[in-house]
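Structure file structure_22.pdb (PDB, C-alpha atoms) follows.
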```pdb
ATOM      1  CA  MET M  15      11.709  34.528   1.302
ATOM      2  CA  ARG M  16      11.907  32.055  -1.561
ATOM      3  CA  GLU M  17      10.253  28.673  -0.956
ATOM      4  CA  LYS M  18      11.150  25.225  -2.253
ATOM      5  CA  SER M  19       9.208  21.969  -2.344
ATOM      6  CA  ILE M  20      10.105  18.662  -0.770
ATOM      7  CA  TYR M  21       8.163  15.441  -1.317
ATOM      8  CA  LEU M  22       7.378  12.804   1.282
ATOM      9  CA  LEU M  23       6.477   9.385  -0.052
ATOM     10  CA  PHE M  24       4.692   6.899   2.212
ATOM     11  CA  SER M  25       4.455   3.391   0.816
ATOM     12  CA  ASP M  26       3.510  -0.187   1.595
ATOM     13  CA  THR M  27       5.108  -2.933  -0.468
ATOM     14  CA  GLY M  28       3.059  -5.739   1.056
ATOM     15  CA  THR M  29       6.122  -7.771   2.055
ATOM     16  CA  TYR M  30       6.140  -9.949   5.179
ATOM     17  CA  LEU M  31       8.215  -7.348   7.029
ATOM     18  CA  SER M  32       5.893  -4.566   5.910
ATOM     19  CA  ARG M  33       2.830  -6.502   7.063
ATOM     20  CA  ALA M  34       4.470  -7.264  10.407
ATOM     21  CA  ILE M  35       5.221  -3.572  10.963
ATOM     22  CA  ASN M  36       1.661  -2.662   9.967
ATOM     23  CA  TYR M  37       0.345  -5.160  12.508
ATOM     24  CA  CYS M  38       2.556  -3.835  15.311
ATOM     25  CA  THR M  39       1.901  -0.158  14.627
ATOM     26  CA  LYS M  40      -1.789  -0.554  13.696
ATOM     27  CA  GLN M  41      -0.979   1.751  10.773
ATOM     28  CA  SER M  42      -0.483   1.274   7.044
ATOM     29  CA  LEU M  43       2.072   2.880   4.715
ATOM     30  CA  ASN M  44       4.917   2.281   7.133
ATOM     31  CA  HIS M  45       7.767   3.160   4.813
ATOM     32  CA  VAL M  46       8.700   6.799   4.255
ATOM     33  CA  SER M  47      11.113   8.361   1.790
ATOM     34  CA  ILE M  48      12.036  11.934   0.947
ATOM     35  CA  GLY M  49      12.334  13.407  -2.538
ATOM     36  CA  PHE M  50      13.210  16.725  -4.113
ATOM     37  CA  ASP M  51      11.427  16.770  -7.469
ATOM     38  CA  SER M  52       7.822  16.222  -8.513
ATOM     39  CA  GLU M  53       8.750  13.257 -10.731
ATOM     40  CA  LEU M  54      10.470  11.576  -7.765
ATOM     41  CA  LYS M  55      13.649  10.884  -9.685
ATOM     42  CA  GLU M  56      15.643  11.681  -6.558
ATOM     43  CA  VAL M  57      14.213   9.767  -3.579
ATOM     44  CA  TYR M  58      16.131   8.750  -0.448
ATOM     45  CA  SER M  59      15.423   6.515   2.511
ATOM     46  CA  PHE M  60      16.677   3.612   4.592
ATOM     47  CA  GLY M  61      15.454   0.280   3.322
ATOM     48  CA  ARG M  62      16.445  -2.722   1.256
ATOM     49  CA  ILE M  63      19.704  -2.391  -0.619
ATOM     50  CA  ASN M  64      18.873  -5.650  -2.386
ATOM     51  CA  PRO M  65      15.104  -5.796  -3.046
ATOM     52  CA  ARG M  66      15.158  -9.608  -2.831
ATOM     53  CA  ASN M  67      16.853  -9.666   0.560
ATOM     54  CA  PRO M  68      14.880  -8.073   3.427
ATOM     55  CA  PHE M  69      17.957  -8.108   5.658
ATOM     56  CA  SER M  70      20.272  -6.196   3.308
ATOM     57  CA  GLY M  71      19.272  -2.810   4.659
ATOM     58  CA  GLY M  72      20.894   0.589   4.660
ATOM     59  CA  PHE M  73      20.901   3.968   2.934
ATOM     60  CA  VAL M  74      19.160   3.743  -0.435
ATOM     61  CA  LYS M  75      18.361   5.946  -3.392
ATOM     62  CA  GLU M  76      15.036   4.479  -4.424
ATOM     63  CA  ASP M  77      13.714   3.818  -7.909
ATOM     64  CA  ILE M  78       9.937   4.241  -7.827
ATOM     65  CA  ARG M  79       9.729   2.729 -11.311
ATOM     66  CA  GLY M  80      11.523  -0.459 -10.291
ATOM     67  CA  ASP M  81       9.742  -3.791  -9.888
ATOM     68  CA  PHE M  82       9.921  -3.676  -6.098
ATOM     69  CA  LEU M  83       8.164  -0.330  -5.621
ATOM     70  CA  GLU M  84       5.962   0.192  -8.655
ATOM     71  CA  ARG M  85       3.199  -2.069  -7.285
ATOM     72  CA  ALA M  86       3.313  -0.511  -3.813
ATOM     73  CA  ASN M  87       0.349   1.381  -2.400
ATOM     74  CA  CYS M  88       1.349   4.910  -1.541
ATOM     75  CA  LYS M  89       0.502   8.444  -0.577
ATOM     76  CA  ILE M  90       2.650  11.325  -1.754
ATOM     77  CA  TYR M  91       2.729  14.651   0.037
ATOM     78  CA  THR M  92       4.473  17.890  -0.757
ATOM     79  CA  MET M  93       5.571  20.598   1.634
ATOM     80  CA  GLN M  94       6.806  24.128   1.109
ATOM     81  CA  ILE M  95       9.908  25.066   3.076
ATOM     82  CA  THR M  96      12.433  27.871   2.984
ATOM     83  CA  GLU M  97      15.348  27.628   0.594
ATOM     84  CA  SER M  98      17.688  27.705   3.583
ATOM     85  CA  ASP M  99      16.009  24.665   5.183
ATOM     86  CA  TYR M 100      15.924  22.925   1.799
ATOM     87  CA  ASN M 101      19.685  23.287   1.450
ATOM     88  CA  LYS M 102      20.251  22.070   5.020
ATOM     89  CA  ILE M 103      18.211  18.925   4.331
ATOM     90  CA  LEU M 104      20.187  18.234   1.157
ATOM     91  CA  THR M 105      23.431  18.706   3.073
ATOM     92  CA  ASN M 106      22.294  16.288   5.792
ATOM     93  CA  ILE M 107      21.448  13.655   3.179
ATOM     94  CA  LYS M 108      24.692  14.109   1.265
ATOM     95  CA  GLU M 109      26.663  13.664   4.486
ATOM     96  CA  ILE M 110      24.956  10.326   5.130
ATOM     97  CA  GLU M 111      25.296   9.319   1.477
ATOM     98  CA  ALA M 112      29.037   9.992   1.600
ATOM     99  CA  GLU M 113      29.302   7.502   4.480
ATOM    100  CA  ALA M 114      26.671   5.087   3.150
ATOM    101  CA  SER M 115      28.952   2.060   3.395
ATOM    102  CA  ASN M 116      29.252   2.658   7.148
ATOM    103  CA  TYR M 117      25.490   2.831   7.717
ATOM    104  CA  LYS M 118      23.093  -0.049   8.285
ATOM    105  CA  TYR M 119      19.379  -0.524   8.772
ATOM    106  CA  ASN M 120      18.299  -0.200  12.394
ATOM    107  CA  PHE M 121      16.270  -3.394  12.846
ATOM    108  CA  ILE M 122      16.854  -3.316  16.603
ATOM    109  CA  GLY M 123      15.513   0.231  16.680
ATOM    110  CA  LEU M 124      12.157  -1.022  15.365
ATOM    111  CA  ILE M 125      11.874  -3.201  18.459
ATOM    112  CA  GLY M 126      12.659  -0.125  20.538
ATOM    113  CA  VAL M 127       9.745   1.724  18.928
ATOM    114  CA  LEU M 128       7.416  -1.180  19.653
ATOM    115  CA  LEU M 129       8.500  -1.446  23.301
ATOM    116  CA  GLN M 130       9.057   2.305  23.720
ATOM    117  CA  ILE M 131      12.666   1.751  24.717
ATOM    118  CA  GLU M 132      15.065   4.409  23.470
ATOM    119  CA  ILE M 133      17.723   2.674  21.389
ATOM    120  CA  ASN M 134      20.261   4.911  19.677
ATOM    121  CA  ARG M 135      22.806   3.044  17.572
ATOM    122  CA  LYS M 136      25.716   4.638  15.789
ATOM    123  CA  ASN M 137      25.266   4.767  12.011
ATOM    124  CA  ALA M 138      22.045   2.754  12.120
ATOM    125  CA  LEU M 139      18.673   4.173  11.085
ATOM    126  CA  PHE M 140      15.256   2.966   9.984
ATOM    127  CA  CYS M 141      13.280   4.904   7.375
ATOM    128  CA  SER M 142      11.322   7.349   9.548
ATOM    129  CA  GLN M 143      14.305   7.823  11.851
ATOM    130  CA  PHE M 144      16.337   8.781   8.779
ATOM    131  CA  VAL M 145      13.712  11.250   7.524
ATOM    132  CA  ALA M 146      13.356  12.785  10.994
ATOM    133  CA  THR M 147      17.149  13.091  11.204
ATOM    134  CA  VAL M 148      17.591  14.872   7.877
ATOM    135  CA  LEU M 149      14.616  17.154   8.644
ATOM    136  CA  LYS M 150      15.962  18.101  12.068
ATOM    137  CA  ASP M 151      16.753  21.672  10.967
ATOM    138  CA  CYS M 152      13.412  22.216   9.224
ATOM    139  CA  LYS M 153      11.438  24.851  11.125
ATOM    140  CA  GLU M 154       8.164  23.873   9.438
ATOM    141  CA  LEU M 155       8.137  20.475  11.159
ATOM    142  CA  CYS M 156       7.501  19.851  14.823
ATOM    143  CA  LEU M 157       8.556  16.327  15.750
ATOM    144  CA  GLU M 158       8.560  16.335  19.526
ATOM    145  CA  LYS M 159       9.647  12.714  19.943
ATOM    146  CA  PRO M 160      13.257  11.556  19.897
ATOM    147  CA  HIS M 161      14.124  10.514  16.349
ATOM    148  CA  CYS M 162      14.406   6.877  17.436
ATOM    149  CA  PHE M 163      10.659   6.893  18.245
ATOM    150  CA  VAL M 164       9.393   8.732  15.162
ATOM    151  CA  THR M 165       7.108   6.660  12.933
ATOM    152  CA  PRO M 166       5.922   7.382   9.377
ATOM    153  CA  ALA M 167       2.493   8.201  10.849
ATOM    154  CA  ASP M 168       4.067  10.900  13.047
ATOM    155  CA  ILE M 169       5.556  12.547   9.967
ATOM    156  CA  ARG M 170       2.349  12.153   7.964
ATOM    157  CA  GLU M 171       0.363  13.976  10.668
ATOM    158  CA  GLN M 172       2.501  17.099  10.475
ATOM    159  CA  LEU M 173       0.796  20.351   9.562
ATOM    160  CA  GLY M 174       1.757  21.841   6.228
ATOM    161  CA  LEU M 175       1.807  18.590   4.273
ATOM    162  CA  GLN M 176      -0.371  18.565   1.162
ATOM    163  CA  LEU M 177      -1.533  15.253  -0.293
ATOM    164  CA  ILE M 178      -0.946  15.233  -4.054
ATOM    165  CA  TYR M 179      -1.372  11.555  -4.925
ATOM    166  CA  GLN M 180      -2.797   8.325  -3.539
ATOM    167  CA  GLY M 181      -2.718   4.973  -5.308
ATOM    168  CA  LYS M 182      -0.240   2.587  -6.889
ATOM    169  CA  LEU M 183       3.217   4.102  -7.010
ATOM    170  CA  GLY M 184       3.797   2.854 -10.545
ATOM    171  CA  ASP M 185       0.831   4.908 -11.784
ATOM    172  CA  TYR M 186       2.140   8.175 -10.351
ATOM    173  CA  PRO M 187       4.319   9.217 -13.323
ATOM    174  CA  ASP M 188       1.352   8.671 -15.671
ATOM    175  CA  GLN M 189      -0.774  11.002 -13.568
ATOM    176  CA  LEU M 190       1.909  13.690 -13.781
ATOM    177  CA  ILE M 191       1.877  13.418 -17.578
ATOM    178  CA  ALA M 192      -1.931  13.567 -17.643
ATOM    179  CA  GLU M 193      -1.978  16.655 -15.412
ATOM    180  CA  SER M 194       0.665  18.275 -17.599
ATOM    181  CA  ASP M 195      -1.475  17.636 -20.689
ATOM    182  CA  ILE M 196      -4.531  19.151 -18.990
ATOM    183  CA  LYS M 197      -2.572  22.273 -18.059
ATOM    184  CA  SER M 198      -1.311  22.549 -21.635
ATOM    185  CA  ASP M 199      -4.879  22.316 -22.936
ATOM    186  CA  GLU M 200      -6.005  24.974 -20.464
ATOM    187  CA  THR M 201      -3.348  27.377 -21.695
ATOM    188  CA  LEU M 202      -4.353  26.726 -25.300
ATOM    189  CA  VAL M 203      -8.051  27.450 -24.777
ATOM    190  CA  PRO M 204      -7.711  31.237 -24.342
ATOM    191  CA  LYS M 205      -5.451  31.411 -27.404
ATOM    192  CA  GLN M 206      -7.902  29.398 -29.483
ATOM    193  CA  SER M 207     -10.794  31.560 -28.289
ATOM    194  CA  PHE M 208      -8.907  34.725 -29.219
ATOM    195  CA  LEU M 209      -8.076  33.407 -32.686
ATOM    196  CA  LEU M 210     -11.693  32.350 -33.198
ATOM    197  CA  LEU M 211     -12.893  35.810 -32.203
ATOM    198  CA  VAL M 212     -10.456  37.495 -34.613
ATOM    199  CA  SER M 213     -11.532  35.126 -37.391
ATOM    200  CA  LYS M 214     -15.197  35.988 -36.840
ATOM    201  CA  LYS M 215     -14.455  39.711 -36.884
ATOM    202  CA  VAL M 216     -12.523  39.366 -40.149
ATOM    203  CA  LYS M 217     -15.381  37.432 -41.750
ATOM    204  CA  GLN M 218     -17.883  40.048 -40.611
ATOM    205  CA  TYR M 219     -15.754  42.793 -42.144
ATOM    206  CA  VAL M 220     -15.220  40.931 -45.444
ATOM    207  CA  PHE M 221     -18.873  40.071 -46.006
ATOM    208  CA  ARG M 222     -20.264  43.520 -45.219
TER     209      ARG M 222
END
```

Translate the structure described by the file into structure tokens.
Amino acid sequence: MREKSIYLLFSDTGTYLSRAINYCTKQSLNHVSIGFDSELKEVYSFGRINPRNPFSGGFVKEDIRGDFLERANCKIYTMQITESDYNKILTNIKEIEAEASNYKYNFIGLIGVLLQIEINRKNALFCSQFVATVLKDCKELCLEKPHCFVTPADIREQLGLQLIYQGKLGDYPDQLIAESDIKSDETLVPKQSFLLLVSKKVKQYVFR
């Protein structure tokens, strides 16, 4: 069965809210987003709609190259899933995106996580609750908690995730370019070696 890749981005912007969540959870990188391409041009989550206003939260398509995220510390993981599950996840996201104006950030739900009180609000999600919700049909993941209790750390601990980058988010695209250049050089080496060998053989033949 054909496999597709999804990308899970865990980040920490260092804002007051981020630091407060880190303190309460005793974990770092407490924001999670989901993407569908290695360059992370298509990344979705629940977070700040207006980067300057921590209370303007909801469904967001994130720009990792923007001022707000490029300085964030992050870890990026990839995971192989079936094409069927991949399409289901995309469908789940598109359904939420189509109703984005009716969704809001679930600030109250964060308190529920802290106090371990199940709080389910209509059309209100926080980032890891959103990711858990859109991944609900993914057979490769095993999130045993209710979605309203799922934290970024719970997702990060799932089997099958492969860490592909750790560092400043703004440096990630540069690493992709560097890796691409290395791969290009590696493919050129055999060709260059072959041409060099042919050249030597020709010279040997000519000077005999």

Which residues of region 58-99 of chain M have any atom within 9 Å of an atom in region 31-48 of chain M when counting only C-alpha atoms, and what is the closest pair of atoms for each, with the distance in Å to one decimal? Order the rows by chain and rising number and write it as JSON lines.
```
{"residue": "M:Tyr58", "atom": "CA", "partner": "M:Ile48", "partner_atom": "CA", "distance": 5.4}
{"residue": "M:Ser59", "atom": "CA", "partner": "M:Ser47", "partner_atom": "CA", "distance": 4.7}
{"residue": "M:Phe60", "atom": "CA", "partner": "M:Ser47", "partner_atom": "CA", "distance": 7.8}
{"residue": "M:Gly61", "atom": "CA", "partner": "M:His45", "partner_atom": "CA", "distance": 8.3}
{"residue": "M:Pro68", "atom": "CA", "partner": "M:Leu31", "partner_atom": "CA", "distance": 7.6}
{"residue": "M:Glu76", "atom": "CA", "partner": "M:Ser47", "partner_atom": "CA", "distance": 8.3}
{"residue": "M:Asn87", "atom": "CA", "partner": "M:Leu43", "partner_atom": "CA", "distance": 7.5}
{"residue": "M:Cys88", "atom": "CA", "partner": "M:Leu43", "partner_atom": "CA", "distance": 6.6}
{"residue": "M:Lys89", "atom": "CA", "partner": "M:Leu43", "partner_atom": "CA", "distance": 7.8}
```

Task: Separation of CA of Tyr179 (chain M) from CA of Thr27 (chain M), in Å and rounded to one decimal - done: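 Atom-to-atom, CA of Tyr179 (chain M) to CA of Thr27 (chain M), that is 16.5 Å.
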
TODO: Using the chain letters and residue numbers of this document, give as a VMD selection string the residues selected by the PyMOL selection byres ((chain M and resi 110) around 12).
DONE: chain M and resid 58 to 60 72 to 75 103 to 109 111 to 118 137 to 139 144 to 145 147 to 148

Considering all atoms listed in the file, return as a PDB file with C-alpha atoms, keeping the file's coordinate frame whatever protein or nucleic-acid residues lie within 8 Å of Phe50 (chain M), sequence-local ones (same chain, fewer than 4 positions apart) excluded.
```pdb
ATOM      1  CA  SER M  19       9.208  21.969  -2.344  1.00  0.00           C
ATOM      2  CA  ILE M  20      10.105  18.662  -0.770  1.00  0.00           C
ATOM      3  CA  TYR M  21       8.163  15.441  -1.317  1.00  0.00           C
ATOM      4  CA  LEU M  54      10.470  11.576  -7.765  1.00  0.00           C
ATOM      5  CA  GLU M  56      15.643  11.681  -6.558  1.00  0.00           C
ATOM      6  CA  VAL M  57      14.213   9.767  -3.579  1.00  0.00           C
TER       7      VAL M  57
END
```

Open item on the list: Just to confirm, what's the straight-line distance from CA of Asn101 (chain M) to CA of Cys152 (chain M) in Å (one decimal)?
Closed with: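 CA of Asn101 (chain M) sits 10.0 Å away from CA of Cys152 (chain M).
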
Check which residues satisfy the PyMOL selection byres ((chain M and resi 166) around 6) in the file shown, then give them as a CSV table (one decimal) with C-alpha atoms, keeping the file's coordinate frame.
```
chain,number,residue,atom,x,y,z
M,44,ASN,CA,4.9,2.3,7.1
M,46,VAL,CA,8.7,6.8,4.3
M,142,SER,CA,11.3,7.3,9.5
M,165,THR,CA,7.1,6.7,12.9
M,167,ALA,CA,2.5,8.2,10.8
M,168,ASP,CA,4.1,10.9,13.0
M,169,ILE,CA,5.6,12.5,10.0
```
